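Text of the file query-v3.cif, holding mmCIF, C-alpha atoms:
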data_start
loop_
_atom_site.label_atom_id
_atom_site.label_comp_id
_atom_site.auth_asym_id
_atom_site.auth_seq_id
_atom_site.Cartn_x
_atom_site.Cartn_y
_atom_site.Cartn_z
CA MET A 1 125.81 79.79 126.42
CA ASN A 2 128.02 76.80 125.77
CA GLU A 3 131.55 77.73 124.72
CA THR A 4 131.70 75.05 122.03
CA HIS A 5 128.99 76.74 119.95
CA PRO A 6 129.53 79.92 117.99
CA PRO A 7 127.36 82.74 119.34
CA LEU A 8 123.83 82.53 118.09
CA GLY A 9 122.53 85.73 116.54
CA GLU A 10 118.97 86.96 116.80
CA ALA A 11 118.72 86.76 113.01
CA ASP A 12 119.45 83.02 113.21
CA LEU A 13 116.89 82.58 115.93
CA HIS A 14 114.16 84.29 113.93
CA ALA A 15 115.08 82.50 110.74
CA TRP A 16 114.82 79.26 112.71
CA ILE A 17 111.39 80.27 114.04
CA ASP A 18 110.25 81.10 110.53
CA GLY A 19 111.68 77.91 109.08
CA ARG A 20 113.94 79.88 106.74
CA LEU A 21 117.26 78.22 107.53
CA ALA A 22 119.14 75.74 105.39
CA ALA A 23 119.33 72.31 106.99
CA GLU A 24 122.91 72.81 108.14
CA ASP A 25 122.17 76.14 109.83
CA ALA A 26 118.98 74.82 111.35
CA ALA A 27 120.95 72.00 112.93
CA ARG A 28 123.44 74.50 114.34
CA VAL A 29 120.61 76.54 115.91
CA GLN A 30 119.00 73.38 117.22
CA GLN A 31 122.27 72.47 118.96
CA ALA A 32 122.57 75.89 120.49
CA LEU A 33 119.01 75.67 121.76
CA GLU A 34 119.60 72.28 123.32
CA ALA A 35 122.59 73.67 125.17
CA ASP A 36 120.68 76.67 126.50
CA PRO A 37 117.27 75.96 128.07
CA ALA A 38 116.45 79.64 128.55
CA LEU A 39 117.12 80.34 124.90
CA ALA A 40 115.12 77.29 123.91
CA ALA A 41 112.22 78.56 126.01
CA LEU A 42 112.44 81.94 124.31
CA ALA A 43 112.49 80.36 120.85
CA GLN A 44 109.52 78.17 121.71
CA ASP A 45 107.73 81.17 123.08
CA TYR A 46 108.23 83.18 119.91
CA ARG A 47 107.16 80.27 117.80
CA ARG A 48 104.01 79.78 119.86
CA GLN A 49 103.30 83.49 119.74
CA ASN A 50 103.69 83.44 115.98
CA GLU A 51 101.36 80.49 115.53
CA ALA A 52 98.79 82.06 117.84
CA LEU A 53 98.95 85.32 115.89
CA ARG A 54 98.51 83.52 112.59
CA GLU A 55 95.52 81.66 113.98
CA ARG A 56 94.01 84.79 115.46
CA LEU A 57 94.39 86.90 112.32
CA GLU A 58 93.13 84.08 110.13
CA ALA A 59 89.63 84.97 111.31
CA GLU A 60 89.90 88.39 109.65
CA LEU A 61 90.05 86.67 106.28
CA ASP A 62 86.51 85.35 106.76
CA GLU A 63 84.94 88.76 107.13
CA PRO A 64 82.67 89.84 104.28
CA VAL A 65 84.41 92.26 101.96
CA PRO A 66 82.54 95.54 101.38
CA ALA A 67 80.94 95.43 97.96
CA ARG A 68 82.53 98.71 96.89
CA LEU A 69 85.99 97.16 97.25
CA VAL A 70 84.94 94.16 95.19
CA GLU A 71 83.71 96.53 92.49
CA ILE A 72 87.00 98.37 92.41
CA ALA A 73 88.92 95.12 92.35
CA ARG A 74 86.80 94.01 89.41
CA GLY A 75 87.78 97.21 87.65
CA LEU A 76 84.12 98.02 86.94
CA ASP A 77 84.37 101.48 88.41
CA ARG A 78 86.84 102.29 85.65
CA ALA A 79 84.10 101.85 83.08
CA ARG A 80 82.20 104.84 84.44
CA PRO A 81 82.21 108.11 82.52
CA GLY A 82 85.22 110.19 83.34
CA SER A 83 87.34 107.16 84.03
CA SER A 84 90.49 106.65 82.01
CA ALA A 85 89.88 103.00 81.16
CA PRO A 86 87.86 102.17 78.06
CA ALA A 87 84.57 100.57 78.97
CA SER A 88 84.80 98.14 76.09
CA ALA A 89 88.01 96.68 77.47
CA ASN A 90 86.31 96.12 80.78
CA ARG A 91 83.32 94.38 79.28
CA HIS A 92 85.60 92.28 77.14
CA TRP A 93 87.16 90.55 80.07
CA PHE A 94 84.25 90.95 82.41
CA ALA A 95 82.20 88.42 80.49
CA GLN A 96 84.93 85.84 81.02
CA ALA A 97 85.56 86.91 84.58
CA ALA A 98 81.91 86.76 85.60
CA ALA A 99 81.74 83.05 85.05
CA LEU A 100 84.74 82.46 87.26
CA LEU A 101 83.71 85.00 89.84
CA ALA A 102 81.03 82.78 91.36
CA ALA A 103 83.70 80.22 92.15
CA VAL A 104 85.79 82.60 94.22
CA ALA A 105 82.86 84.55 95.62
CA VAL A 106 81.81 81.86 98.05
CA GLY A 107 85.33 81.50 99.35
CA ILE A 108 85.64 85.13 100.30
CA GLY A 109 82.20 85.80 101.62
CA ILE A 110 80.73 87.84 98.81
CA GLY A 111 78.27 85.23 97.71
CA TRP A 112 75.47 87.77 97.70
CA LEU A 113 77.06 89.72 94.88
CA ALA A 114 76.57 86.79 92.59
CA ARG A 115 72.90 86.77 93.55
CA ASP A 116 72.24 90.37 92.66
CA GLY A 117 72.83 89.70 88.99
CA ALA A 118 70.02 87.16 88.84
CA PRO A 119 67.52 86.25 87.62
CA ASP A 120 66.16 88.98 85.39
CA GLU A 121 69.27 91.13 85.12
CA PRO A 122 71.76 90.25 82.41
CA VAL A 123 75.25 89.54 83.67
CA ALA A 124 77.19 92.44 82.25
CA GLY A 125 78.98 95.56 83.31
CA GLN A 126 75.60 97.20 83.76
CA ALA A 127 74.24 94.56 86.11
CA LEU A 128 74.25 96.89 89.08
CA THR A 129 72.27 99.70 87.44
CA LEU A 130 69.06 98.83 89.17
CA PRO A 131 65.93 100.86 89.68
CA LEU A 132 65.87 102.44 93.12
CA VAL A 133 63.39 100.03 94.62
CA ARG A 134 65.23 96.99 93.38
CA ALA A 135 68.65 98.23 94.37
CA ALA A 136 67.26 98.89 97.84
CA ALA A 137 65.63 95.47 98.07
CA VAL A 138 68.82 93.72 96.99
CA ALA A 139 70.82 95.60 99.59
CA HIS A 140 68.17 94.89 102.21
CA ALA A 141 68.19 91.17 101.46
CA ALA A 142 71.98 91.11 101.46
CA TYR A 143 72.59 92.61 104.87
CA VAL A 144 69.52 92.17 107.04
CA PRO A 145 70.31 88.47 107.70
CA GLU A 146 73.90 89.27 108.67
CA VAL A 147 74.50 88.46 112.30
CA ARG A 148 78.13 89.42 112.76
CA HIS A 149 78.53 92.17 110.17
CA PRO A 150 75.17 93.76 109.40
CA VAL A 151 76.80 97.17 109.05
CA GLU A 152 80.21 98.54 108.18
CA VAL A 153 80.05 101.23 110.81
CA GLY A 154 78.10 100.82 114.01
CA ALA A 155 75.77 103.30 115.66
CA ALA A 156 78.35 103.91 118.40
CA GLU A 157 80.37 105.75 115.77
CA GLN A 158 77.43 107.66 114.37
CA THR A 159 79.32 110.91 113.89
CA HIS A 160 82.05 109.16 111.98
CA LEU A 161 79.48 107.21 109.99
CA VAL A 162 77.60 110.34 108.93
CA THR A 163 80.76 112.24 108.04
CA TRP A 164 82.10 109.33 106.06
CA LEU A 165 78.92 108.58 104.12
CA SER A 166 78.33 112.29 103.51
CA LYS A 167 81.80 112.60 102.02
CA ARG A 168 81.28 109.58 99.80
CA LEU A 169 77.86 110.69 98.59
CA GLY A 170 78.92 114.29 98.24
CA THR A 171 76.17 115.70 100.42
CA THR A 172 75.41 116.43 104.03
CA LEU A 173 73.60 113.41 105.30
CA GLN A 174 71.63 112.99 108.44
CA VAL A 175 70.37 109.83 110.02
CA PRO A 176 66.67 109.85 110.82
CA ASN A 177 65.80 109.07 114.40
CA LEU A 178 63.22 106.28 114.49
CA GLU A 179 63.23 105.65 118.21
CA SER A 180 59.70 106.92 118.63
CA ASP A 181 58.71 104.22 116.13
CA GLY A 182 60.55 101.64 118.22
CA PHE A 183 63.64 101.30 116.02
CA ARG A 184 67.16 102.19 116.99
CA LEU A 185 70.08 102.68 114.60
CA VAL A 186 72.35 99.67 114.13
CA GLY A 187 74.70 101.50 111.76
CA GLY A 188 75.32 101.95 108.09
CA ARG A 189 77.35 100.98 105.10
CA LEU A 190 78.45 102.26 101.74
CA LEU A 191 77.31 100.27 98.70
CA PRO A 192 78.36 100.31 95.08
CA ASP A 193 75.69 101.64 92.79
CA ALA A 194 76.09 102.05 89.08
CA ARG A 195 73.77 105.04 89.00
CA ASP A 196 76.02 107.41 90.89
CA GLY A 197 78.85 105.18 92.01
CA VAL A 198 77.75 104.81 95.58
CA ALA A 199 74.69 104.49 97.77
CA ALA A 200 74.26 104.46 101.52
CA GLN A 201 72.31 102.04 103.64
CA PHE A 202 71.26 102.64 107.22
CA MET A 203 69.98 99.77 109.29
CA PHE A 204 67.57 100.00 112.21
CA GLU A 205 66.45 97.34 114.62
CA SER A 206 63.54 96.97 117.01
CA ALA A 207 63.73 95.50 120.50
CA ASN A 208 62.57 92.14 119.16
CA GLY A 209 65.20 92.06 116.42
CA GLN A 210 63.05 93.18 113.50
CA ARG A 211 65.22 95.07 111.01
CA LEU A 212 64.54 97.95 108.65
CA THR A 213 66.88 99.48 106.11
CA LEU A 214 66.90 102.93 104.61
CA PHE A 215 68.67 103.03 101.27
CA LEU A 216 69.55 106.33 99.64
CA ARG A 217 71.43 107.51 96.61
CA ARG A 218 71.57 110.48 94.27
CA ASP A 219 68.67 110.23 91.87
CA ASP A 220 68.05 113.51 90.19
CA ASP A 221 66.66 112.94 86.73
CA GLY A 222 63.05 113.14 87.80
CA THR A 223 60.92 115.48 89.80
CA ASP A 224 60.01 114.69 93.37
CA THR A 225 57.55 111.85 93.70
CA ALA A 226 54.96 110.71 96.19
CA PHE A 227 55.47 107.53 98.19
CA ARG A 228 55.35 104.40 96.14
CA PHE A 229 55.13 100.91 97.49
CA ALA A 230 56.52 97.67 96.13
CA GLU A 231 56.71 94.19 97.51
CA GLN A 232 59.32 91.56 96.76
CA GLY A 233 58.62 88.36 98.62
CA LYS A 234 57.98 89.31 102.22
CA VAL A 235 59.93 92.54 101.99
CA GLY A 236 57.92 95.68 101.47
CA THR A 237 59.57 98.90 100.29
CA PHE A 238 58.30 102.46 100.37
CA TYR A 239 60.34 104.65 98.04
CA TRP A 240 60.32 108.21 96.87
CA LEU A 241 62.41 110.90 95.18
CA ASP A 242 63.04 114.11 97.03
CA ARG A 243 65.28 116.99 95.98
CA GLY A 244 67.81 115.02 94.03
CA PHE A 245 67.91 111.93 96.22
CA GLY A 246 66.13 108.62 96.04
CA TYR A 247 65.04 107.05 99.33
CA ALA A 248 63.80 103.53 99.95
CA LEU A 249 62.68 102.11 103.26
CA SER A 250 62.48 98.31 103.32
CA GLY A 251 61.31 95.84 105.93
CA GLU A 252 59.08 92.89 106.70
CA LEU A 253 56.40 94.84 108.51
CA PRO A 254 52.73 95.51 107.87
CA ARG A 255 52.25 98.07 105.14
CA GLU A 256 50.61 100.61 107.48
CA THR A 257 53.53 100.42 109.89
CA MET A 258 55.98 100.85 107.04
CA LEU A 259 54.04 103.86 105.79
CA ALA A 260 54.09 105.47 109.22
CA ILE A 261 57.83 105.03 109.50
CA ALA A 262 58.44 106.22 105.92
CA THR A 263 56.41 109.32 106.75
CA SER A 264 58.53 109.85 109.82
CA VAL A 265 61.70 109.57 107.71
CA TYR A 266 60.34 111.97 105.10
CA ARG A 267 59.39 114.55 107.73
CA GLN A 268 62.83 114.41 109.27
CA PHE A 269 64.41 115.12 105.91
CA ASN A 270 61.87 117.91 105.33
CA PRO A 271 61.49 119.65 108.66
CA MET B 272 95.06 104.34 76.20
CA SER B 273 97.00 101.70 74.26
CA GLY B 274 98.36 98.25 74.97
CA ALA B 275 96.74 95.00 75.94
CA SER B 276 93.52 95.06 77.92
CA PRO B 277 93.83 93.93 81.53
CA SER B 278 93.81 90.18 81.92
CA PRO B 279 90.82 88.52 83.55
CA GLU B 280 93.25 86.79 85.88
CA PHE B 281 94.38 90.13 87.23
CA SER B 282 90.88 91.08 88.32
CA LEU B 283 90.18 87.65 89.78
CA GLU B 284 93.42 87.60 91.70
CA LEU B 285 92.68 91.06 93.07
CA ILE B 286 89.30 89.89 94.29
CA ALA B 287 90.75 86.74 95.80
CA LEU B 288 93.38 88.78 97.63
CA LEU B 289 90.92 91.34 99.04
CA PRO B 290 90.66 89.74 102.48
CA ARG B 291 94.47 89.69 102.76
CA LEU B 292 94.73 93.29 101.60
CA ARG B 293 92.18 94.35 104.21
CA ARG B 294 94.04 92.48 106.90
CA TYR B 295 97.32 94.12 105.97
CA ALA B 296 95.62 97.52 105.80
CA ARG B 297 94.34 97.04 109.32
CA ALA B 298 97.87 96.46 110.51
CA LEU B 299 98.83 99.79 108.96
CA ALA B 300 95.85 102.09 109.44
CA PRO B 301 94.60 103.74 112.61
CA ASP B 302 91.06 102.39 112.22
CA ARG B 303 88.88 100.25 109.97
CA PHE B 304 87.62 103.11 107.86
CA ALA B 305 91.10 104.28 107.11
CA ALA B 306 92.03 100.66 106.44
CA ASP B 307 89.35 100.21 103.80
CA ASP B 308 90.22 103.57 102.27
CA LEU B 309 93.79 102.32 102.08
CA VAL B 310 92.61 99.15 100.35
CA GLN B 311 90.63 101.25 97.91
CA ASP B 312 93.65 103.45 97.12
CA THR B 313 95.75 100.33 96.66
CA LEU B 314 93.27 98.76 94.24
CA GLU B 315 93.02 101.94 92.22
CA ARG B 316 96.80 102.15 91.99
CA ALA B 317 97.02 98.48 91.12
CA TRP B 318 94.68 99.03 88.17
CA THR B 319 96.53 102.12 87.02
CA ARG B 320 99.83 100.24 87.09
CA HIS B 321 98.69 96.74 86.28
CA ARG B 322 101.05 96.58 83.32
CA GLN B 323 103.98 96.89 85.70
CA TRP B 324 103.06 93.61 87.31
CA ARG B 325 104.63 90.60 85.67
CA PRO B 326 102.25 87.62 85.51
CA GLY B 327 103.79 84.68 87.26
CA THR B 328 105.30 86.77 90.05
CA ASP B 329 103.70 87.12 93.47
CA LEU B 330 100.86 89.60 93.06
CA ARG B 331 100.37 89.64 96.82
CA ALA B 332 103.85 91.02 97.51
CA TRP B 333 103.43 93.56 94.71
CA LEU B 334 100.15 94.79 96.21
CA PHE B 335 101.60 94.87 99.72
CA ALA B 336 104.39 97.08 98.41
CA ILE B 337 101.87 99.45 96.81
CA MET B 338 99.90 99.60 100.04
CA HIS B 339 102.98 100.12 102.17
CA ASN B 340 104.13 103.00 99.97
CA ARG B 341 100.68 104.54 100.00
CA ARG B 342 100.62 104.42 103.78
CA VAL B 343 104.07 106.03 103.92
CA ASP B 344 102.80 108.81 101.65
CA ILE B 345 99.75 109.33 103.82
CA ALA B 346 101.86 109.36 106.97
CA ARG B 347 104.10 112.02 105.41
CA GLY B 348 101.10 114.05 104.37
CA ASP B 349 99.10 114.11 107.55
CA ARG B 350 101.31 112.46 110.09
CA ILE B 351 99.07 109.47 110.73
CA GLY B 352 101.23 106.77 112.17
CA ALA B 353 104.32 108.81 111.46
CA ALA B 354 107.47 108.84 113.52
CA THR B 355 107.37 105.35 114.90
CA VAL B 356 110.63 104.98 116.76
CA ASP B 357 112.03 101.56 117.41
CA ALA B 358 112.65 101.43 121.13
CA ASP B 359 115.09 98.94 122.54
CA PRO B 360 113.48 95.57 123.07
CA PRO B 361 112.44 94.92 126.63
CA GLU B 362 114.52 92.68 128.82
CA LEU B 363 113.93 89.10 127.84
CA ALA B 364 111.85 87.25 130.33
CA GLY B 365 110.49 83.75 130.70
CA PRO B 366 107.42 82.67 128.76
CA PRO B 367 103.99 83.38 130.17
CA PRO B 368 102.54 80.11 131.42
CA GLY B 369 99.61 78.45 129.69
CA PRO B 370 98.24 78.91 126.18
CA ILE B 371 98.02 82.37 124.65
CA ASP B 372 94.51 83.75 124.73
CA GLY B 373 93.36 85.02 121.34
CA LEU B 374 91.86 88.22 122.69
CA ASP B 375 94.89 89.05 124.82
CA LEU B 376 97.02 88.50 121.77
CA GLN B 377 94.83 90.70 119.60
CA ARG B 378 95.00 93.49 122.14
CA ALA B 379 98.75 93.16 122.50
CA TYR B 380 99.10 93.22 118.71
CA ASP B 381 96.86 96.28 118.46
CA ARG B 382 99.09 98.11 120.94
CA LEU B 383 102.19 97.67 118.77
CA THR B 384 103.33 100.34 116.35
CA ALA B 385 102.15 99.98 112.74
CA GLU B 386 105.75 99.26 111.78
CA HIS B 387 105.88 96.30 114.16
CA ARG B 388 102.45 95.00 113.20
CA GLU B 389 103.28 95.03 109.52
CA VAL B 390 106.50 93.08 109.85
CA LEU B 391 104.80 90.49 112.05
CA LEU B 392 101.99 90.24 109.54
CA LEU B 393 104.16 89.96 106.44
CA VAL B 394 106.71 87.53 107.83
CA GLY B 395 104.86 85.69 110.57
CA VAL B 396 101.32 85.55 109.23
CA GLU B 397 101.56 85.94 105.45
CA GLN B 398 104.86 84.06 105.58
CA LEU B 399 106.61 86.13 102.96
CA GLY B 400 110.31 85.39 102.64
CA TYR B 401 112.67 87.96 104.17
CA GLU B 402 113.66 89.18 100.71
CA GLU B 403 110.03 89.58 99.65
CA ALA B 404 109.19 91.37 102.88
CA ALA B 405 112.18 93.66 102.38
CA GLN B 406 110.93 94.52 98.88
CA ALA B 407 107.39 95.14 100.10
CA LEU B 408 108.70 97.43 102.83
CA GLY B 409 111.37 99.06 100.70
CA VAL B 410 114.13 98.40 103.24
CA PRO B 411 117.21 96.12 103.38
CA VAL B 412 116.81 92.56 104.66
CA GLY B 413 118.85 93.45 107.74
CA THR B 414 116.27 96.04 108.68
CA VAL B 415 113.49 93.49 108.28
CA MET B 416 115.35 91.18 110.64
CA SER B 417 115.95 93.80 113.30
CA ARG B 418 112.36 95.03 113.12
CA LEU B 419 111.09 91.49 113.32
CA SER B 420 113.23 90.88 116.35
CA ARG B 421 112.01 94.01 118.11
CA ALA B 422 108.40 93.37 117.14
CA ARG B 423 108.43 89.84 118.53
CA ALA B 424 110.08 90.98 121.73
CA ARG B 425 107.59 93.83 122.07
CA LEU B 426 104.60 91.58 121.45
CA ARG B 427 105.89 89.16 124.04
CA ASP B 428 106.39 91.96 126.50
CA GLU B 429 102.87 93.30 125.87
CA LEU B 430 101.52 89.82 126.51
CA ASP B 431 103.65 89.48 129.63
CA THR B 432 102.40 92.75 131.04
CA HIS B 433 98.95 91.24 131.22
CA ASN B 434 100.03 87.81 132.37
CA PRO B 435 101.75 86.69 135.55
CA ARG B 436 105.50 86.58 135.10
CA ARG B 437 107.47 83.61 136.16
CA PRO B 438 109.18 84.59 139.41
CA ASP B 439 112.66 83.56 138.23
CA ALA B 440 112.21 84.91 134.72
CA ASP B 441 114.87 87.58 134.78
CA ASP B 442 117.57 85.23 136.01
CA ASN B 443 117.01 83.01 133.02
CA ALA B 444 117.27 85.69 130.38
CA PRO B 445 119.10 84.11 127.45
CA ARG B 446 122.00 85.94 125.87
CA LEU B 447 121.96 86.65 122.19
CA THR B 448 124.03 88.64 119.77
CA ARG B 449 121.73 91.57 119.28
CA ILE B 450 121.03 92.87 115.81
CA LYS B 451 121.67 96.58 115.49
#
What does this structure look like when you write it as structure tokens?
Amino acid sequence: MNETHPPLGEADLHAWIDGRLAAEDAARVQQALEADPALAALAQDYRRQNEALRERLEAELDEPVPARLVEIARGLDRARPGSSAPASANRHWFAQAAALLAAVAVGIGIGWLARDGAPDEPVAGQALTLPLVRAAAVAHAAYVPEVRHPVEVGAAEQTHLVTWLSKRLGTTLQVPNLESDGFRLVGGRLLPDARDGVAAQFMFESANGQRLTLFLRRDDDGTDTAFRFAEQGKVGTFYWLDRGFGYALSGELPRETMLAIATSVYRQFNP
Amino acid sequence: MSGASPSPEFSLELIALLPRLRRYARALAPDRFAADDLVQDTLERAWTRHRQWRPGTDLRAWLFAIMHNRRVDIARGDRIGAATVDADPPELAGPPPGPIDGLDLQRAYDRLTAEHREVLLLVGVEQLGYEEAAQALGVPVGTVMSRLSRARARLRDELDTHNPRRPDADDNAPRLTRIK
């Protein structure tokens, strides 16, 4: 290092890289760098590394945010019974917030949340209390088209997925095996659900890319039911209640095929 | 419960910051599940304490501090990510030639300790000021600087390990006054 310059500290170097130096100090560092090519190379290297890291991690900001986190950020979960926050306070500001939410939703990849309030559901704190079949269809429509992030947890981590979802739903879950029906597990995700706080969705895919979802949540105010069928657009859903849980299998397949798979699911939960 | 109801802005800002909170959580947590659980804990704490936040101040730094503290608590409780020891920075070498590949960089970053990732994220990526970063991490500014220095050196070394070194690199090692 050149004798005419005071020794350059690492703190100065990093502050220079981060653009945090006053003009006078920045000039001093600049001088020191000009006098020492190796140091200049190091500084450039750090700066490049920093820019590359910023660019690389920028992509993480585009990932869709799990709906349950959006719900908690909205503060809606605090309106549930047993929560300490008064529900009225939540509704009070929610009405104002809802209008603005659509504006930010697109920017952070939760556009689908805005859709699930429409068209026949009022926009209110209760917007997510949907009948089983509708909740399942909304979740199906939201995630089946996803190319990069169809599931939160992939099939490769099936054990972790099952443990995690079981913990969240407060039960011991199992994932039905639909391989004999030509569908393999893609993975699963946790969804917000006003009925019991959370619901789980498993996604399956056939060799030609056809996708099915199995939606389940606690649903214990009725007796067990037989299979019911509903259609919303092209998506058909078989749904039923069984020992305290609601199940809904959705997909764009012929009704008979859907029934066969739903039967397979039911049998696996009732061996 | 008494006092003013939470402001709509608070909720909207929380939502807008979710991607940044998840990114920071991933720097801290051992995997993505733990990261989202950490985000969830942070949001719940943010709501519980929202009156402590002064509108007009940087909500992001306030949330980062909550998340950092939560992670410290978790690490104390079950030793996840605990006991990260700052090793001496590796010998300074010449820069790897050519542009930095994004995947190489991601892998090098993932190999760092949580402590190093978080300082790189807060200062380098989120571009918090050193004072703000120090507050979020609950340490003096000097500690932020020394961690930053070690983290950058370590990241560079990790990148170097997987890239051809310049043959004369070691001879050109620049001399700096090292921060303790």
So what do you get for CA of Gln49 (chain A) versus CA of Ala424 (chain B), distance-wise?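 A separation of 10.3 Å between them.
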Expressed in Å, the length from CA of Thr225 (chain A) to CA of Trp240 (chain A) is 5.6 Å
With all atoms listed in the file as the atoms that count, which of A:Gly187, A:Pro131, A:Gly75, A:Gly244 lies nearest to Leu285 (chain B)? A:Gly75
Identify all residues satisfying the PyMOL selection byres ((chain A and resi 179-182) around 9) in the given file; provide them as an MDAnalysis selection string. chainID A and resid 177:178 183:185 205:207 257 260:261 264
CA of Arg217 (chain A) to CA of Gln268 (chain A): how many Å, to one decimal? 16.8 Å
Of A:Leu42, A:Ala22, A:Leu190, A:Leu33, the one nearest to chain B when counting all atoms listed in the file is A:Leu42
Taking all atoms listed in the file into account, which of B:Ala422, B:Ala404, B:Val396, B:Leu374 comes nearest chain A? B:Val396
Chain and number of each residue from the PyMOL selection byres ((chain B and resi 281) around 10), as a list in words: Ala73, Arg74, Gly75 and Ala97 of chain A; Pro277, Ser278, Pro279, Glu280, Ser282, Leu283, Glu284, Leu285, Ile286, Ala287, Ala317, Trp318, His321, Trp324, Pro326 and Leu330 of chain B
For the file shown, what are the residues hit by the PyMOL selection byres ((chain B and resi 296) around 10), laid out as a PyMOL selection string? chain B and resi 290-295+297-310+313+335+338-339+342+385+389
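For the residues B:Ala332, B:Leu419, B:Leu383, B:Val390, ranking by smallest atom-to-atom distance to chain A using only C-alpha atoms places B:Leu419 first.
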Fewer than 5 positions away in the same chain doesn't count, so skip those; otherwise give me all residues within 12 Å of Gly236 (chain A), counting only C-alpha atoms, as a CSV table (one decimal) with C-alpha atoms, keeping the file's coordinate frame.
chain,number,residue,atom,x,y,z
A,133,VAL,CA,63.4,100.0,94.6
A,134,ARG,CA,65.2,97.0,93.4
A,136,ALA,CA,67.3,98.9,97.8
A,137,ALA,CA,65.6,95.5,98.1
A,138,VAL,CA,68.8,93.7,97.0
A,140,HIS,CA,68.2,94.9,102.2
A,141,ALA,CA,68.2,91.2,101.5
A,212,LEU,CA,64.5,98.0,108.6
A,213,THR,CA,66.9,99.5,106.1
A,214,LEU,CA,66.9,102.9,104.6
A,228,ARG,CA,55.4,104.4,96.1
A,229,PHE,CA,55.1,100.9,97.5
A,230,ALA,CA,56.5,97.7,96.1
A,231,GLU,CA,56.7,94.2,97.5
A,248,ALA,CA,63.8,103.5,100.0
A,249,LEU,CA,62.7,102.1,103.3
A,250,SER,CA,62.5,98.3,103.3
A,251,GLY,CA,61.3,95.8,105.9
A,252,GLU,CA,59.1,92.9,106.7
A,253,LEU,CA,56.4,94.8,108.5
A,254,PRO,CA,52.7,95.5,107.9
A,255,ARG,CA,52.2,98.1,105.1
A,256,GLU,CA,50.6,100.6,107.5
A,257,THR,CA,53.5,100.4,109.9
A,258,MET,CA,56.0,100.8,107.0
A,259,LEU,CA,54.0,103.9,105.8
A,262,ALA,CA,58.4,106.2,105.9
Between B:Ile371, B:Glu402, B:Leu430, B:Ser420, which residue has the minimum interatomic distance to Leu13 (chain A), considering only C-alpha atoms? B:Ser420
